[in-house]
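entry14.pdb (PDB, C-alpha atoms) appears below.
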ATOM      1  CA  MET Q   1       0.000   0.000   0.000
ATOM      2  CA  ALA Q   2       2.769   2.366   0.639
ATOM      3  CA  LYS Q   3       4.040   1.926  -2.864
ATOM      4  CA  GLU Q   4       0.758   2.870  -4.353
ATOM      5  CA  SER Q   5       0.521   6.120  -2.388
ATOM      6  CA  THR Q   6       3.958   7.326  -3.483
ATOM      7  CA  SER Q   7       3.276   6.620  -7.085
ATOM      8  CA  GLN Q   8       0.046   8.528  -6.982
ATOM      9  CA  ALA Q   9       1.516  11.485  -5.096
ATOM     10  CA  ALA Q  10       4.409  12.218  -7.532
ATOM     11  CA  PRO Q  11       3.363  11.785 -11.105
ATOM     12  CA  GLU Q  12       6.188  11.849 -13.623
ATOM     13  CA  ARG Q  13       6.673  15.062 -15.550
ATOM     14  CA  PRO Q  14       7.324  14.836 -19.231
ATOM     15  CA  THR Q  15      10.810  16.172 -20.062
ATOM     16  CA  ARG Q  16      11.020  19.215 -22.330
ATOM     17  CA  PRO Q  17      13.518  19.288 -25.120
ATOM     18  CA  ARG Q  18      16.469  21.559 -24.355
ATOM     19  CA  PHE Q  19      17.192  22.955 -27.847
ATOM     20  CA  TRP Q  20      18.796  26.124 -26.457
ATOM     21  CA  VAL Q  21      21.698  24.336 -24.772
ATOM     22  CA  GLY Q  22      23.617  23.731 -28.052
ATOM     23  CA  PRO Q  23      23.642  27.423 -29.198
ATOM     24  CA  LEU Q  24      24.513  28.512 -25.650
ATOM     25  CA  VAL Q  25      27.583  26.261 -25.549
ATOM     26  CA  ALA Q  26      28.665  27.345 -29.052
ATOM     27  CA  GLY Q  27      28.308  31.062 -28.146
ATOM     28  CA  ALA Q  28      30.273  30.599 -24.953
ATOM     29  CA  CYS Q  29      33.081  28.931 -26.928
ATOM     30  CA  PHE Q  30      33.192  31.738 -29.495
ATOM     31  CA  ALA Q  31      33.259  34.405 -26.756
ATOM     32  CA  LEU Q  32      36.033  32.639 -24.888
ATOM     33  CA  GLY Q  33      38.097  32.293 -28.104
ATOM     34  CA  TYR Q  34      37.602  35.976 -28.955
ATOM     35  CA  GLY Q  35      38.654  37.104 -25.491
ATOM     36  CA  ILE Q  36      41.788  34.951 -25.481
ATOM     37  CA  THR Q  37      42.802  36.114 -28.962
ATOM     38  CA  GLN Q  38      42.340  39.775 -28.051
ATOM     39  CA  ARG Q  39      44.419  39.354 -24.877
ATOM     40  CA  ILE Q  40      47.274  37.750 -26.825
ATOM     41  CA  ILE Q  41      47.317  40.503 -29.447
ATOM     42  CA  VAL Q  42      47.317  43.222 -26.812
ATOM     43  CA  MET Q  43      50.168  41.596 -24.937
ATOM     44  CA  GLN Q  44      52.276  41.253 -28.094
ATOM     45  CA  GLY Q  45      51.597  44.886 -29.008
ATOM     46  CA  ALA Q  46      52.752  46.082 -25.597
ATOM     47  CA  LEU Q  47      56.145  44.463 -26.118
ATOM     48  CA  GLN Q  48      56.819  46.530 -29.239
ATOM     49  CA  LYS Q  49      57.376  50.254 -28.841
ATOM     50  CA  PRO Q  50      55.297  52.314 -31.263
ATOM     51  CA  GLN Q  51      57.325  54.449 -33.626
ATOM     52  CA  ARG Q  52      56.227  58.018 -33.913
ATOM     53  CA  GLU Q  53      56.202  59.653 -37.292
ATOM     54  CA  GLY Q  54      57.836  63.006 -37.077
ATOM     55  CA  PHE Q  55      57.248  65.841 -39.452
ATOM     56  CA  ALA Q  56      59.783  68.573 -39.943
ATOM     57  CA  ALA Q  57      58.512  72.043 -39.101
ATOM     58  CA  GLN Q  58      58.157  74.090 -42.236
ATOM     59  CA  PRO Q  59      57.649  77.830 -42.494
ATOM     60  CA  PHE Q  60      54.234  79.173 -43.381
ATOM     61  CA  PRO Q  61      53.995  79.970 -47.103
ATOM     62  CA  GLY Q  62      54.155  83.580 -48.157
ATOM     63  CA  GLN Q  63      56.008  86.594 -46.882
ATOM     64  CA  THR Q  64      56.162  87.638 -43.266
ATOM     65  CA  LEU Q  65      55.571  91.146 -42.042
ATOM     66  CA  GLU Q  66      59.230  91.468 -41.087
ATOM     67  CA  ASP Q  67      60.312  90.550 -44.625
ATOM     68  CA  LEU Q  68      58.046  93.208 -46.078
ATOM     69  CA  ARG Q  69      59.356  95.821 -43.681
ATOM     70  CA  ARG Q  70      62.988  94.922 -44.482
ATOM     71  CA  ARG Q  71      62.330  95.061 -48.210
ATOM     72  CA  HIS Q  72      60.575  98.429 -48.177
ATOM     73  CA  GLY Q  73      62.772 100.002 -45.556
ATOM     74  CA  ASP Q  74      60.732 101.717 -42.863
ATOM     75  CA  ASP Q  75      60.695  99.502 -39.745
ATOM     76  CA  GLN Q  76      58.864 102.010 -37.547
ATOM     77  CA  GLN Q  77      55.922 102.844 -39.793
ATOM     78  CA  ALA Q  78      52.814 100.685 -39.479
ATOM     79  CA  LEU Q  79      51.445  99.119 -42.633
ATOM     80  CA  THR Q  80      47.986 100.539 -43.414
ATOM     81  CA  ALA Q  81      45.542 100.209 -46.226
ATOM     82  CA  ASP Q  82      42.664 102.379 -47.377
ATOM     83  CA  VAL Q  83      39.857  99.862 -46.993
ATOM     84  CA  ALA Q  84      37.109 102.359 -47.832
ATOM     85  CA  ALA Q  85      38.683 103.168 -51.204
ATOM     86  CA  LYS Q  86      39.061  99.474 -52.004
ATOM     87  CA  GLU Q  87      35.424  98.823 -51.060
ATOM     88  CA  ALA Q  88      34.299 101.735 -53.249
ATOM     89  CA  GLU Q  89      36.304 100.352 -56.191
ATOM     90  CA  LEU Q  90      34.806  96.887 -55.671
ATOM     91  CA  ALA Q  91      31.308  98.412 -55.529
ATOM     92  CA  ARG Q  92      31.925 100.247 -58.839
ATOM     93  CA  GLN Q  93      33.135  97.019 -60.425
ATOM     94  CA  ARG Q  94      30.081  95.126 -59.165
ATOM     95  CA  ASP Q  95      27.763  97.847 -60.513
ATOM     96  CA  ALA Q  96      29.502  97.750 -63.888
ATOM     97  CA  GLU Q  97      29.177  93.955 -63.996
ATOM     98  CA  LYS Q  98      25.473  94.188 -63.123
ATOM     99  CA  ALA Q  99      24.921  96.785 -65.829
ATOM    100  CA  ALA Q 100      26.744  94.620 -68.375
ATOM    101  CA  LEU Q 101      24.684  91.568 -67.403
ATOM    102  CA  GLU Q 102      21.458  93.588 -67.665
ATOM    103  CA  ALA Q 103      22.490  94.888 -71.101
ATOM    104  CA  GLU Q 104      23.273  91.346 -72.250
ATOM    105  CA  ARG Q 105      19.912  90.131 -70.938
ATOM    106  CA  LEU Q 106      18.040  92.925 -72.744
ATOM    107  CA  ALA Q 107      19.952  92.271 -75.973
ATOM    108  CA  ALA Q 108      19.189  88.554 -75.768
ATOM    109  CA  GLU Q 109      15.517  89.289 -75.115
ATOM    110  CA  ALA Q 110      15.351  91.701 -78.066
ATOM    111  CA  LYS Q 111      17.046  89.132 -80.286
ATOM    112  CA  ARG Q 112      14.622  86.428 -79.139
ATOM    113  CA  ASN Q 113      11.645  88.727 -79.839
ATOM    114  CA  ALA Q 114      13.014  89.517 -83.306
ATOM    115  CA  GLU Q 115      13.444  85.799 -84.004
ATOM    116  CA  GLN Q 116       9.872  85.145 -82.891
ATOM    117  CA  GLN Q 117       8.589  87.922 -85.143
ATOM    118  CA  ALA Q 118      10.616  86.509 -88.038
ATOM    119  CA  ALA Q 119       9.238  83.043 -87.330
ATOM    120  CA  LEU Q 120       5.684  84.386 -87.479
ATOM    121  CA  GLY Q 121       6.380  85.890 -90.879
ATOM    122  CA  PRO Q 122       5.271  89.271 -92.207
ATOM    123  CA  LEU Q 123       1.895  90.345 -90.933
ATOM    124  CA  PRO Q 124      -0.763  90.634 -93.656
ATOM    125  CA  GLU Q 125      -2.125  94.107 -94.122
ATOM    126  CA  GLN Q 126      -5.444  94.197 -92.441
ATOM    127  CA  ALA Q 127      -8.298  96.006 -94.113
ATOM    128  CA  LEU Q 128      -9.156  98.882 -91.857
ATOM    129  CA  PRO Q 129     -12.528 100.566 -92.122
ATOM    130  CA  GLU Q 130     -12.500 103.901 -93.840
ATOM    131  CA  PRO Q 131     -12.732 106.722 -91.350
ATOM    132  CA  VAL Q 132     -16.072 108.502 -91.210
ATOM    133  CA  TRP Q 133     -15.583 112.206 -91.467
ATOM    134  CA  ALA Q 134     -18.256 114.554 -90.239
ATOM    135  CA  GLU Q 135     -19.794 116.852 -92.810
ATOM    136  CA  PRO Q 136     -19.945 120.546 -92.044
ATOM    137  CA  ALA Q 137     -23.073 121.891 -90.334
ATOM    138  CA  SER Q 138     -24.368 123.437 -93.582
ATOM    139  CA  ALA Q 139     -24.750 120.024 -95.132
ATOM    140  CA  VAL Q 140     -27.309 118.983 -92.513
ATOM    141  CA  PRO Q 141     -30.790 119.259 -94.010
ATOM    142  CA  ALA Q 142     -33.038 121.875 -92.450
ATOM    143  CA  PRO Q 143     -35.962 120.589 -90.418
ATOM    144  CA  VAL Q 144     -39.304 120.527 -92.247
ATOM    145  CA  LEU Q 145     -41.788 122.972 -90.706
ATOM    146  CA  PRO Q 146     -45.548 122.787 -91.152
ATOM    147  CA  LYS Q 147     -47.002 125.420 -93.505
ATOM    148  CA  PRO Q 148     -48.826 128.219 -91.771
ATOM    149  CA  GLU Q 149     -52.588 128.574 -92.294
ATOM    150  CA  PRO Q 150     -53.695 131.748 -94.030
ATOM    151  CA  GLY Q 151     -55.077 134.414 -91.732
ATOM    152  CA  ARG Q 152     -53.399 133.301 -88.621
ATOM    153  CA  ALA Q 153     -50.518 135.056 -87.111
ATOM    154  CA  VAL Q 154     -47.457 133.100 -87.528
ATOM    155  CA  ALA Q 155     -44.982 133.057 -84.724
ATOM    156  CA  GLU Q 156     -41.389 133.038 -85.585
ATOM    157  CA  PRO Q 157     -40.056 129.567 -85.088
ATOM    158  CA  ALA Q 158     -37.277 129.230 -82.580
ATOM    159  CA  PRO Q 159     -33.949 128.883 -84.230
ATOM    160  CA  VAL Q 160     -32.912 125.308 -84.473
ATOM    161  CA  GLN Q 161     -29.544 124.692 -82.998
ATOM    162  CA  THR Q 162     -27.607 122.173 -84.908
ATOM    163  CA  GLN Q 163     -24.453 120.793 -83.489
ATOM    164  CA  PRO Q 164     -21.874 119.557 -85.854
ATOM    165  CA  ALA Q 165     -21.818 115.816 -85.834
ATOM    166  CA  SER Q 166     -18.866 114.556 -83.913
ATOM    167  CA  PRO Q 167     -16.729 112.115 -85.823
ATOM    168  CA  ALA Q 168     -17.277 108.486 -84.955
ATOM    169  CA  PRO Q 169     -14.508 107.129 -82.805
ATOM    170  CA  LEU Q 170     -11.884 105.394 -84.855
ATOM    171  CA  ALA Q 171     -11.118 101.797 -84.133
ATOM    172  CA  PRO Q 172      -7.597 101.453 -82.760
ATOM    173  CA  PHE Q 173      -5.055  99.579 -84.785
ATOM    174  CA  PRO Q 174      -4.938  95.965 -83.694
ATOM    175  CA  ALA Q 175      -1.719  95.030 -81.951
ATOM    176  CA  ALA Q 176       0.533  92.494 -83.558
ATOM    177  CA  PRO Q 177       0.265  89.090 -81.861
ATOM    178  CA  VAL Q 178       3.143  88.436 -79.516
ATOM    179  CA  ALA Q 179       4.185  84.937 -78.610
ATOM    180  CA  PRO Q 180       4.880  84.311 -74.920
ATOM    181  CA  PRO Q 181       8.587  84.335 -74.015
ATOM    182  CA  THR Q 182      10.249  80.976 -73.900
ATOM    183  CA  PRO Q 183      11.893  80.069 -70.606
TER     184      PRO Q 183
END

Mind converting the file's structure to structure tokens?
Amino acid sequence: MAKESTSQAAPERPTRPRFWVGPLVAGACFALGYGITQRIIVMQGALQKPQREGFAAQPFPGQTLEDLRRRHGDDQQALTADVAAKEAELARQRDAEKAALEAERLAAEAKRNAEQQAALGPLPEQALPEPVWAEPASAVPAPVLPKPEPGRAVAEPAPVQTQPASPAPLAPFPAAPVAPPTP
């Protein structure tokens, strides 16, 4: 009876596969090999003294201030420059360059417009309506008045004011078609 109670109290667990043990052992071996190799290389490097590469000091290119003073004589006088005059000269040069660029741009635009006009060909002469000229006031016919009845006093008719006809407004000349500028 005692055997039966122990077997019922502790049932056997099924064992799980331990697939992670193999990669763990392999990783530990790689890490240990890396560490040992690094230690050996460091120890060998410490035995050798590193050689320093030396560069010879060379003078800075150009002329020194002392050389300029010796060449031109006066050691006591400070070297100065008129910066304002140089800036004014540079400003004049920049303005001249801008003006030249603007002139080139205008010339190129005029040339392009001329080429576009030449590509369109000569414009046909358009038939313009003949202008209507106003006739003088004397050419306007007089208004027709009713004939007076005999025996009645006839009042003088009020003078008719005629204004000279104003000329009809002329149609403006149509502008030549202009193609849009090409970019």

Find the residues near range 102-109 of chain Q: any atom within 10 Å, counting all atoms listed in the file, skip ones fewer than 6 places away on the same chain, and give them as a ChimeraX atom specification.
-> /Q:96,115,181-182

If you measure from CA of Gln44 in chain Q to CA of Phe30 in chain Q, what distance in Å do you get, rounded to one decimal?
-> 21.4 Å

Which value, in Å to one decimal, gives the distance between CA of Pro180 in chain Q and CA of Ala110 in chain Q?
-> 13.2 Å

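Between CA of Asn113 in chain Q and CA of Ala179 in chain Q the separation is 8.5 Å.
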